[in-house]
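A.B. asks: Just so it is clear, I am handing over query-v1.txt, which has compact mmCIF, C-alpha atoms.
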# COMPACT_ATOMS: atom_id res chain seq x y z
CA MET A 2 94.09 119.47 90.22
CA ALA A 3 96.88 121.77 91.42
CA ARG A 4 95.68 125.21 92.35
CA THR A 5 99.14 126.29 93.39
CA ALA A 6 102.04 127.70 91.49
CA GLY A 7 105.74 127.76 92.27
CA SER A 8 108.07 125.16 93.75
CA ASN A 9 106.84 125.39 97.35
CA GLY A 10 103.31 124.67 96.21
CA THR A 11 104.53 121.80 94.07
CA ARG A 12 106.46 120.30 96.97
CA THR A 13 103.45 120.56 99.27
CA LEU A 14 101.16 119.02 96.68
CA GLU A 15 103.63 116.16 96.25
CA ALA A 16 103.71 115.66 100.05
CA ILE A 17 99.89 115.60 100.10
CA ARG A 18 99.77 113.03 97.32
CA LYS A 19 102.32 110.81 99.08
CA ALA A 20 100.55 111.06 102.43
CA GLY A 21 97.18 110.41 100.77
CA LEU A 22 98.51 107.33 99.01
CA ARG A 23 99.95 106.02 102.30
CA LEU A 24 96.75 106.63 104.27
CA ILE A 25 94.39 105.24 101.62
CA TYR A 26 96.61 102.17 101.23
CA ARG A 27 96.70 101.61 104.99
CA GLN A 28 93.08 102.20 105.97
CA GLY A 29 90.98 102.92 102.89
CA TYR A 30 89.63 106.05 101.28
CA GLU A 31 86.39 106.37 103.26
CA ALA A 32 88.20 106.17 106.57
CA MET A 33 90.74 108.88 105.70
CA SER A 34 89.74 112.31 107.00
CA LEU A 35 91.15 115.56 105.64
CA ARG A 36 92.16 116.40 109.23
CA GLN A 37 94.27 113.25 109.34
CA LEU A 38 95.72 113.96 105.90
CA ALA A 39 96.74 117.50 106.91
CA SER A 40 98.29 116.25 110.14
CA GLU A 41 100.28 113.59 108.23
CA VAL A 42 101.62 116.31 105.93
CA GLY A 43 102.22 118.71 108.81
CA ILE A 44 99.96 121.53 107.62
CA GLN A 45 96.62 123.02 108.73
CA VAL A 46 93.42 121.52 107.32
CA GLY A 47 92.55 124.88 105.80
CA SER A 48 95.84 124.92 103.87
CA LEU A 49 94.96 121.65 102.16
CA TYR A 50 92.46 123.55 100.07
CA ASN A 51 95.26 125.58 98.49
CA HIS A 52 96.38 122.33 96.89
CA ILE A 53 93.43 120.00 96.45
CA SER A 54 89.73 120.77 96.01
CA THR A 55 88.28 117.68 97.66
CA LYS A 56 89.21 114.25 98.98
CA GLN A 57 87.62 112.76 95.85
CA ASP A 58 89.82 114.99 93.73
CA LEU A 59 92.91 113.56 95.46
CA LEU A 60 91.84 109.92 94.99
CA PHE A 61 90.99 110.51 91.35
CA ASP A 62 94.31 112.28 90.78
CA LEU A 63 96.30 109.43 92.38
CA ILE A 64 94.65 106.76 90.24
CA ARG A 65 94.56 108.84 87.04
CA VAL A 66 98.25 109.79 87.23
CA HIS A 67 99.14 106.16 87.95
CA MET A 68 97.21 104.97 84.88
CA GLU A 69 98.57 107.69 82.61
CA GLU A 70 102.15 106.96 83.67
CA LEU A 71 101.54 103.25 83.19
CA ILE A 72 100.48 103.83 79.58
CA ALA A 73 103.22 106.37 78.79
CA ARG A 74 105.96 104.17 80.24
CA LEU A 75 104.62 101.08 78.50
CA ASP A 76 104.82 102.90 75.18
CA ARG A 77 108.45 103.76 75.89
CA ALA A 78 109.17 100.16 76.99
CA LEU A 79 107.78 98.80 73.72
CA GLU A 80 109.84 101.15 71.54
CA GLY A 81 112.27 99.32 69.25
CA PHE A 82 110.47 95.98 69.48
CA ASP A 83 108.82 95.08 66.24
CA SER A 84 107.73 91.46 66.18
CA PRO A 85 104.64 90.55 68.22
CA ALA A 86 106.67 87.94 70.15
CA ASP A 87 109.29 90.52 71.17
CA ARG A 88 106.61 93.06 72.01
CA LEU A 89 104.83 90.50 74.18
CA ASP A 90 108.07 89.77 76.06
CA ALA A 91 108.69 93.50 76.50
CA PHE A 92 105.12 93.94 77.74
CA ILE A 93 105.52 91.14 80.31
CA ARG A 94 108.81 92.52 81.61
CA PHE A 95 107.46 96.07 81.83
CA HIS A 96 104.21 95.08 83.56
CA VAL A 97 105.90 92.97 86.25
CA GLU A 98 108.62 95.53 86.97
CA TYR A 99 106.26 98.48 87.11
CA HIS A 100 103.71 96.69 89.28
CA ILE A 101 106.30 95.43 91.75
CA ALA A 102 107.65 98.98 92.07
CA ARG A 103 104.18 100.56 92.60
CA LYS A 104 102.41 98.14 94.90
CA ARG A 105 100.45 100.84 96.70
CA GLU A 106 99.21 102.58 93.56
CA VAL A 107 98.24 99.20 92.11
CA PHE A 108 96.34 98.26 95.27
CA ILE A 109 94.31 101.46 95.53
CA SER A 110 93.66 101.55 91.77
CA TYR A 111 91.86 98.26 92.28
CA SER A 112 90.37 98.45 95.78
CA GLU A 113 89.18 102.05 95.61
CA LEU A 114 87.50 101.98 92.22
CA ARG A 115 84.34 101.67 94.34
CA SER A 116 85.00 105.10 95.87
CA LEU A 117 85.28 107.02 92.60
CA GLU A 118 82.37 109.24 91.60
CA PRO A 119 80.74 108.03 88.36
CA LYS A 120 82.40 110.55 86.03
CA ASN A 121 85.83 109.84 87.54
CA TYR A 122 85.20 106.10 87.45
CA ASP A 123 84.44 106.35 83.73
CA VAL A 124 87.73 108.16 83.06
CA ILE A 125 89.71 105.46 84.89
CA VAL A 126 87.88 102.61 83.18
CA GLU A 127 88.64 104.26 79.83
CA LEU A 128 92.35 104.54 80.73
CA ARG A 129 92.44 100.94 81.93
CA GLY A 130 90.79 99.87 78.68
CA ARG A 131 93.46 101.74 76.73
CA TYR A 132 96.22 99.89 78.58
CA GLU A 133 94.50 96.51 78.11
CA ARG A 134 94.03 97.38 74.44
CA ARG A 135 97.82 97.66 74.02
CA LEU A 136 98.17 94.02 75.02
CA ILE A 137 95.15 92.83 73.00
CA ASP A 138 96.64 94.59 69.95
CA ILE A 139 99.96 92.75 70.42
CA LEU A 140 98.09 89.45 70.60
CA ASP A 141 95.90 90.29 67.60
CA GLU A 142 98.94 91.28 65.59
CA GLY A 143 100.68 88.04 66.57
CA VAL A 144 97.66 86.05 65.44
CA ALA A 145 97.46 88.01 62.17
CA HIS A 146 101.18 87.41 61.49
CA GLU A 147 100.73 83.75 62.46
CA ASP A 148 103.40 84.18 65.12
CA PHE A 149 101.11 82.66 67.69
CA THR A 150 97.54 81.57 68.20
CA THR A 151 95.23 81.94 71.13
CA ALA A 152 91.70 80.78 71.81
CA ASP A 153 90.51 84.35 72.43
CA THR A 154 92.84 87.35 72.46
CA THR A 155 90.73 89.39 74.89
CA VAL A 156 90.37 86.60 77.44
CA ALA A 157 94.06 85.75 77.02
CA ALA A 158 94.97 89.41 77.63
CA PHE A 159 92.87 89.55 80.79
CA GLY A 160 94.43 86.29 81.97
CA ILE A 161 97.96 87.55 81.34
CA LEU A 162 97.27 90.85 83.13
CA ALA A 163 95.75 89.16 86.19
CA MET A 164 98.57 86.65 86.41
CA LEU A 165 101.30 89.26 86.12
CA THR A 166 99.62 91.74 88.45
CA GLY A 167 99.25 88.91 90.98
CA VAL A 168 103.04 88.82 91.22
CA CYS A 169 102.93 92.00 93.32
CA THR A 170 100.96 90.23 96.02
CA TRP A 171 103.59 87.55 96.66
CA PHE A 172 106.92 88.73 95.25
CA LYS A 173 109.48 89.77 97.83
CA PRO A 174 112.93 91.03 96.82
CA GLY A 175 115.62 88.70 98.15
CA GLY A 176 113.31 85.68 98.07
CA ARG A 177 113.73 82.31 96.36
CA LEU A 178 113.28 83.75 92.88
CA SER A 179 114.75 86.98 91.55
CA LYS A 180 112.55 89.38 89.62
CA ASP A 181 114.27 88.29 86.40
CA GLU A 182 113.59 84.63 87.13
CA VAL A 183 109.92 85.36 87.82
CA ILE A 184 109.68 87.24 84.53
CA GLU A 185 111.38 84.39 82.70
CA VAL A 186 109.14 81.73 84.23
CA TYR A 187 105.98 83.70 83.45
CA SER A 188 107.07 84.50 79.90
CA GLY A 189 107.65 80.79 79.34
CA MET A 190 104.32 79.79 80.87
CA ILE A 191 102.41 82.39 78.85
CA ARG A 192 103.93 81.01 75.65
CA ASP A 193 103.97 77.31 76.42
CA GLY A 194 101.20 76.76 78.95
CA LEU A 195 101.27 77.05 82.71
CA VAL A 196 101.02 73.30 82.87
CA ARG A 197 102.18 71.57 79.77
CA PRO A 198 100.92 68.17 78.69
CA GLY A 199 103.60 65.71 77.64
CA ALA A 200 105.79 63.40 79.68
CA GLY A 201 109.48 63.58 80.21
CA PHE A 202 109.95 67.09 78.93
CA THR A 203 112.56 69.09 80.78
CA PRO A 204 112.53 72.76 79.88
CA ASP A 205 115.82 74.68 80.02
CA ARG A 206 114.25 77.04 82.43
CA LEU A 207 113.36 74.35 84.96
CA LEU A 208 114.14 75.80 88.35
CA PRO A 209 115.01 73.99 91.56
CA ARG A 210 111.81 72.87 93.26
CA PRO A 211 110.90 74.71 96.48
CA PRO A 212 110.46 72.83 99.74
CA ALA A 213 106.86 71.86 100.51
CA GLY A 214 104.82 74.81 101.72
CA ALA A 215 107.39 77.35 100.59
CA VAL A 216 106.11 80.60 99.19
CA PRO A 217 108.05 81.98 96.24
CA GLY A 218 109.85 85.14 97.11
CA ALA A 219 109.00 84.72 100.82
CA MET B 19 82.37 84.13 117.62
CA ALA B 20 78.68 83.59 118.36
CA ARG B 21 77.72 84.34 121.90
CA THR B 22 74.09 83.55 121.22
CA ALA B 23 72.11 80.37 121.26
CA GLY B 24 68.84 79.50 119.59
CA SER B 25 67.41 80.25 116.17
CA ASN B 26 66.61 83.93 116.80
CA GLY B 27 70.18 84.56 117.80
CA THR B 28 71.42 82.63 114.80
CA ARG B 29 69.20 84.64 112.48
CA THR B 30 70.40 87.93 113.97
CA LEU B 31 74.02 86.87 113.72
CA GLU B 32 73.46 85.94 110.09
CA ALA B 33 71.89 89.38 109.45
CA ILE B 34 74.89 91.05 111.12
CA ARG B 35 77.32 89.06 109.00
CA LYS B 36 75.47 89.94 105.79
CA ALA B 37 75.23 93.63 106.67
CA GLY B 38 78.90 93.68 107.69
CA LEU B 39 79.96 92.09 104.41
CA ARG B 40 77.88 94.63 102.46
CA LEU B 41 79.25 97.63 104.36
CA ILE B 42 82.89 96.52 104.30
CA TYR B 43 82.62 95.77 100.58
CA ARG B 44 81.08 99.17 99.89
CA GLN B 45 83.23 101.48 102.01
CA GLY B 46 85.98 99.49 103.72
CA TYR B 47 86.44 98.08 107.21
CA GLU B 48 87.96 101.14 108.89
CA ALA B 49 85.13 103.38 107.74
CA MET B 50 82.38 101.05 109.04
CA SER B 51 81.12 102.05 112.48
CA LEU B 52 79.26 99.69 114.79
CA ARG B 53 76.49 102.31 114.93
CA GLN B 54 76.11 102.06 111.17
CA LEU B 55 76.23 98.26 111.29
CA ALA B 56 73.49 98.13 113.94
CA SER B 57 71.35 100.56 111.99
CA GLU B 58 71.77 98.48 108.80
CA VAL B 59 70.60 95.39 110.72
CA GLY B 60 67.81 97.33 112.45
CA ILE B 61 68.95 96.69 116.04
CA GLN B 62 70.42 98.83 118.83
CA VAL B 63 74.21 99.19 119.02
CA GLY B 64 74.18 97.60 122.48
CA SER B 65 72.44 94.51 121.09
CA LEU B 66 75.29 93.92 118.65
CA TYR B 67 77.40 92.79 121.56
CA ASN B 68 75.08 89.86 122.16
CA HIS B 69 76.28 88.51 118.84
CA ILE B 70 79.78 89.78 118.12
CA SER B 71 82.57 90.81 120.48
CA THR B 72 84.27 93.43 118.32
CA LYS B 73 84.35 94.79 114.78
CA GLN B 74 87.67 92.94 114.31
CA ASP B 75 85.95 89.73 115.39
CA LEU B 76 83.34 90.22 112.65
CA LEU B 77 85.92 90.89 109.91
CA PHE B 78 88.00 87.90 110.98
CA ASP B 79 84.91 85.68 111.07
CA LEU B 80 83.82 86.76 107.57
CA ILE B 81 87.19 86.02 106.02
CA ARG B 82 87.84 82.84 108.05
CA VAL B 83 84.45 81.29 107.21
CA HIS B 84 84.97 82.20 103.53
CA MET B 85 88.37 80.49 103.49
CA GLU B 86 87.18 77.42 105.39
CA GLU B 87 84.19 76.99 103.07
CA LEU B 88 86.44 77.46 100.07
CA ILE B 89 88.66 74.60 101.20
CA ALA B 90 85.80 72.30 102.27
CA ARG B 91 83.91 72.81 99.00
CA LEU B 92 87.04 72.35 96.93
CA ASP B 93 87.64 69.00 98.60
CA ARG B 94 84.10 67.98 97.69
CA ALA B 95 84.54 69.26 94.11
CA LEU B 96 87.70 67.16 93.68
CA GLU B 97 86.07 63.95 94.93
CA GLY B 98 85.96 61.22 92.31
CA PHE B 99 88.66 62.75 90.12
CA ASP B 100 91.82 60.69 90.20
CA SER B 101 94.22 61.73 87.47
CA PRO B 102 96.11 65.00 87.97
CA ALA B 103 94.74 66.32 84.64
CA ASP B 104 91.14 65.68 85.71
CA ARG B 105 91.80 67.12 89.16
CA LEU B 106 93.29 70.24 87.59
CA ASP B 107 90.22 70.68 85.38
CA ALA B 108 87.96 70.18 88.42
CA PHE B 109 90.00 72.72 90.37
CA ILE B 110 89.72 75.31 87.59
CA ARG B 111 85.95 74.84 87.26
CA PHE B 112 85.43 75.00 91.03
CA HIS B 113 87.62 78.07 91.55
CA VAL B 114 85.96 80.12 88.79
CA GLU B 115 82.41 79.17 89.81
CA TYR B 116 82.97 79.77 93.52
CA HIS B 117 84.74 83.08 92.99
CA ILE B 118 82.13 84.43 90.57
CA ALA B 119 79.43 83.52 93.12
CA ARG B 120 81.25 85.19 96.06
CA LYS B 121 82.62 88.40 94.62
CA ARG B 122 82.20 90.36 97.85
CA GLU B 123 83.87 87.79 100.08
CA VAL B 124 86.72 87.47 97.58
CA PHE B 125 87.18 91.25 97.47
CA ILE B 126 87.29 91.78 101.22
CA SER B 127 89.48 88.70 101.75
CA TYR B 128 92.06 90.46 99.61
CA SER B 129 91.55 94.16 100.30
CA GLU B 130 91.05 93.91 104.07
CA LEU B 131 93.94 91.59 104.92
CA ARG B 132 95.62 94.85 105.98
CA SER B 133 92.95 95.36 108.66
CA LEU B 134 93.39 92.00 110.40
CA GLU B 135 95.19 91.94 113.73
CA PRO B 136 98.45 89.96 113.52
CA LYS B 137 97.14 86.74 115.11
CA ASN B 138 94.07 86.78 112.87
CA TYR B 139 96.17 87.62 109.84
CA ASP B 140 98.34 84.58 110.55
CA VAL B 141 95.30 82.28 110.68
CA ILE B 142 94.05 83.55 107.32
CA VAL B 143 97.46 83.28 105.68
CA GLU B 144 97.69 79.71 106.93
CA LEU B 145 94.24 78.89 105.47
CA ARG B 146 95.14 80.55 102.18
CA GLY B 147 98.36 78.55 102.09
CA ARG B 148 96.35 75.36 102.65
CA TYR B 149 94.12 76.18 99.66
CA GLU B 150 97.11 77.05 97.45
CA ARG B 151 98.77 73.83 98.59
CA ARG B 152 95.86 71.80 97.14
CA LEU B 153 96.68 73.18 93.69
CA ILE B 154 100.45 72.86 94.08
CA ASP B 155 99.91 69.21 95.10
CA ILE B 156 97.86 68.55 91.95
CA LEU B 157 100.65 70.06 89.85
CA ASP B 158 103.38 68.17 91.72
CA GLU B 159 101.48 64.93 91.31
CA GLY B 160 101.03 65.61 87.60
CA VAL B 161 104.75 66.22 87.24
CA ALA B 162 105.56 63.06 89.23
CA HIS B 163 103.20 61.00 87.02
CA GLU B 164 104.67 62.67 83.92
CA ASP B 165 101.17 63.82 82.98
CA PHE B 166 102.45 67.34 82.56
CA THR B 167 105.49 69.49 83.20
CA THR B 168 105.82 73.01 84.44
CA ALA B 169 108.76 75.30 84.98
CA ASP B 170 107.92 75.75 88.67
CA THR B 171 104.80 74.28 90.28
CA THR B 172 104.51 76.98 92.95
CA VAL B 173 104.83 79.88 90.51
CA ALA B 174 102.47 78.11 88.11
CA ALA B 175 99.94 77.63 90.93
CA PHE B 176 100.11 81.32 91.87
CA GLY B 177 99.73 82.26 88.21
CA ILE B 178 96.69 80.01 87.77
CA LEU B 179 95.04 81.33 90.94
CA ALA B 180 95.58 84.99 89.99
CA MET B 181 94.31 84.41 86.47
CA LEU B 182 91.19 82.56 87.58
CA THR B 183 90.41 84.93 90.44
CA GLY B 184 90.77 87.80 87.98
CA VAL B 185 87.71 86.45 86.18
CA CYS B 186 85.50 87.84 88.96
CA THR B 187 86.58 91.37 88.16
CA TRP B 188 85.35 91.28 84.58
CA PHE B 189 82.87 88.43 84.17
CA LYS B 190 79.24 89.47 83.83
CA PRO B 191 76.46 86.91 83.43
CA GLY B 192 74.74 87.36 80.08
CA GLY B 193 77.88 88.79 78.43
CA ARG B 194 79.71 87.64 75.31
CA LEU B 195 81.04 84.48 76.95
CA SER B 196 79.12 82.14 79.23
CA LYS B 197 80.72 80.94 82.44
CA ASP B 198 81.28 77.53 80.84
CA GLU B 199 83.02 79.09 77.85
CA VAL B 200 85.28 81.13 80.12
CA ILE B 201 86.18 77.99 82.04
CA GLU B 202 86.87 76.12 78.82
CA VAL B 203 89.06 78.88 77.39
CA TYR B 204 91.07 79.17 80.61
CA SER B 205 91.47 75.41 80.99
CA GLY B 206 92.83 75.30 77.47
CA MET B 207 95.18 78.23 78.01
CA ILE B 208 96.49 76.80 81.26
CA ARG B 209 97.32 73.55 79.48
CA ASP B 210 98.52 74.85 76.14
CA GLY B 211 99.77 78.37 76.78
CA LEU B 212 97.89 81.62 76.85
CA VAL B 213 99.58 82.51 73.63
CA ARG B 214 100.83 79.56 71.71
CA PRO B 215 103.72 79.73 69.26
CA GLY B 216 103.14 78.09 65.91
CA ALA B 217 101.40 79.33 62.81
CA GLY B 218 98.21 78.15 61.27
CA PHE B 219 96.96 76.22 64.29
CA THR B 220 93.22 76.42 64.82
CA PRO B 221 92.14 75.04 68.16
CA ASP B 222 88.68 73.41 68.37
CA ARG B 223 87.82 75.84 71.07
CA LEU B 224 88.50 78.91 68.95
CA LEU B 225 85.74 81.38 69.71
CA PRO B 226 84.39 84.18 67.57
CA ARG B 227 86.61 87.25 67.92
CA PRO B 228 85.09 90.17 69.80
CA PRO B 229 84.73 93.56 68.15
CA ALA B 230 87.60 95.96 68.88
CA GLY B 231 87.37 97.42 72.36
CA ALA B 232 84.83 94.88 73.55
CA VAL B 233 85.16 93.62 77.08
CA PRO B 234 84.36 89.95 77.60
CA GLY B 235 81.23 89.49 79.59
CA ALA B 236 80.45 93.20 79.40
Would you put the structure from the file into structure tokens?
C.D. replies:
Amino acid sequence: MARTAGSNGTRTLEAIRKAGLRLIYRQGYEAMSLRQLASEVGIQVGSLYNHISTKQDLLFDLIRVHMEELIARLDRALEGFDSPADRLDAFIRFHVEYHIARKREVFISYSELRSLEPKNYDVIVELRGRYERRLIDILDEGVAHEDFTTADTTVAAFGILAMLTGVCTWFKPGGRLSKDEVIEVYSGMIRDGLVRPGAGFTPDRLLPRPPAGAVPGA
Amino acid sequence: MARTAGSNGTRTLEAIRKAGLRLIYRQGYEAMSLRQLASEVGIQVGSLYNHISTKQDLLFDLIRVHMEELIARLDRALEGFDSPADRLDAFIRFHVEYHIARKREVFISYSELRSLEPKNYDVIVELRGRYERRLIDILDEGVAHEDFTTADTTVAAFGILAMLTGVCTWFKPGGRLSKDEVIEVYSGMIRDGLVRPGAGFTPDRLLPRPPAGAVPGA
């Protein structure tokens, strides 16, 4: 999307992307005007067009770059893990850490899918499918190697993704559970069941119970 | 919020609520003008004020009524189920069915929390906490009765809610899996693990595997 060259142009484009992300996160894509975006960056509206073609172009760029980075970083995070069980653990850790660190990108990538023009929407859905496929492949491989079983690898993958992404909506640094504890609890629940039948079992990872009404991480 | 009395007023208010839900879902709260809302309903802008006080009032009402109905209907859905395991199954079925049926309310209740004024936000967070508490109580009771164990009932509850709510983003009626099959698969995964260690195990509920790249319900 960049029409500019040189480091000044790159810095301005980066400032536009950051301001756009902030504004879209705060008030939504439709409500953001280019006038407001320019004012947030501290440039004239006319100058915006040296860096972005349209508002749609900016939204698409924000979501596309987020998805492409997600996939590229996942691939790096999985490097060196061979067994499906280890790859699943690495996937869980990566997904939680990345999503906690990019709350705003995650939010707009979900809430503003509605605002993407059809051809842009299709690109994002394809990228999302590629990311989901990485997890489905890990589960399929685990089933093939008889490392684990699951009722349906695609539904399980969607369940795991929703559960882990949900962490960003309630996790707060400095809360009752650390990020590592959350990852450990979720890894255990994904393997052993969120709620496990069987009396009297005390898992190693049993954590102190929160007071009634407490919100984890709050 | 209703300032009107009588069935005409009630019908108009209902039309305003429906149009508001549609517009906020489509383009976001900030971008919806009262002029647009009135035009969607087919009344004058001035007449809106016979039914709603402010745009904020309408958003708050939409989310509050959604949350209150969610809680009231859950309580009815749990009636007659005594054991924690049965109550958990009833909760899962209710949550999936209600959320699939109310996609738009679910979406705005999440994406437009940012647009609520602080006092309204607090009311909604309290209602959400009350709903979450119902599930945490079922899990706590199950743990107390030694019907099941879980590493952390609050984290498990948040995981279950995120996973089940996620169904609304991908489930399509007439797709590969029926609503009942989705509910059955998720109930099983919540009890036994999304991905279960142990080779050679074939659960009764094993479903035909989808072709590569297939999206459930798509």
A.B. asks: Hey, what's within 7 Å of stretch 125-132 of chain B if we count all atoms listed in the file and toss same-chain stuff fewer than 6 positions away? As a VMD selection string, please?
C.D. replies: (chain A and resid 27 112) or (chain B and resid 43 47 81 139)
A.B. asks: What's around stretch 48-59 of chain A at 10 Å? Count only C-alpha atoms, leave out sequence neighbours fewer than 5 positions away in its own chain, and write the answer as a ChimeraX atom specification.
C.D. replies: /A:2-6,10-11,13-15,17-18,21-22,30-31,33-36,38-39,42,64-65,116-118,121
A.B. asks: Contacts of B:Phe189 at 12 Å or less, counting only C-alpha atoms, minus same-chain residues fewer than 5 places along, as a PyMOL selection string?
C.D. replies: (chain A and resi 156+159-160) or (chain B and resi 114-115+117-119+121+182-184+194-201+233-236)
A.B. asks: Quick one: pull the distance between atom CA of A:Gly81 and atom CA of B:Ala169, Å, one decimal.
C.D. replies: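 Distance between the two atoms: 28.9 Å.
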A.B. asks: Given all atoms listed in the file as the basis, pick out the residue of A:Arg88, A:Arg12, A:Arg105, A:Arg192 nearest to A:Ile25.
C.D. replies: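 That would be A:Arg105, the residue with the smallest distance to A:Ile25.
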A.B. asks: Atom CA of A:Glu70 and atom CA of A:Tyr132 are how many Å apart?
C.D. replies: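 Going from atom CA of A:Glu70 over to atom CA of A:Tyr132, I get 10.5 Å.
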A.B. asks: What does the distance between atom CA of A:Gly29 and atom CA of A:Val107 come to in Å, to one decimal place?
C.D. replies: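 Spanning atom CA of A:Gly29 to atom CA of A:Val107 is a straight-line distance of 13.5 Å.
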A.B. asks: Of the candidates B:Ile178, B:Leu41, B:Leu96, B:Val143, which one gets nearest to chain A if we count all atoms listed in the file?
C.D. replies: B:Ile178
A.B. asks: Would you kindly identify which residues have an atom no farther than 12 Å from (99.0, 68.5, 96.5), using all atoms listed in the file and the file's own coordinates, and write them out as a ChimeraX atom specification?
C.D. replies: /A:213-214 /B:93,96,102,105-106,109,147-162,171-172,175
A.B. asks: Just need the box for stretch 193-203 of chain B, edges along x, y and z, holding every atom the file lists for it with 4 Å tacked onto each side, so centre and edge lengths in Å to one decimal, as AutoDock Vina command-line options.
C.D. replies:
--center_x 83.5 --center_y 82.5 --center_z 78.9 --size_x 19.2 --size_y 20.7 --size_z 15.1
A.B. asks: Kindly indicate which residue among A:Tyr99, A:Lys173, A:Ala157, A:Glu147 lies nearest to B:Ser205, using only C-alpha atoms for the distances.
C.D. replies: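 Selected residue with least distance to B:Ser205: A:Ala157.
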A.B. asks: Considering only C-alpha atoms, can you say which of A:Ala78, A:Arg103, A:Gln45, A:Met190 comes closest to A:Ala91?
C.D. replies: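 The answer is A:Ala78, which sits nearest to A:Ala91.
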A.B. asks: Taking all atoms listed in the file into account, name the residue in A:Ile44, A:Ile125, A:Ala20, A:Ala32 that is nearest to chain B.
C.D. replies: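 Ranking A:Ile44, A:Ile125, A:Ala20, A:Ala32 by distance to chain B, first place goes to A:Ala32.
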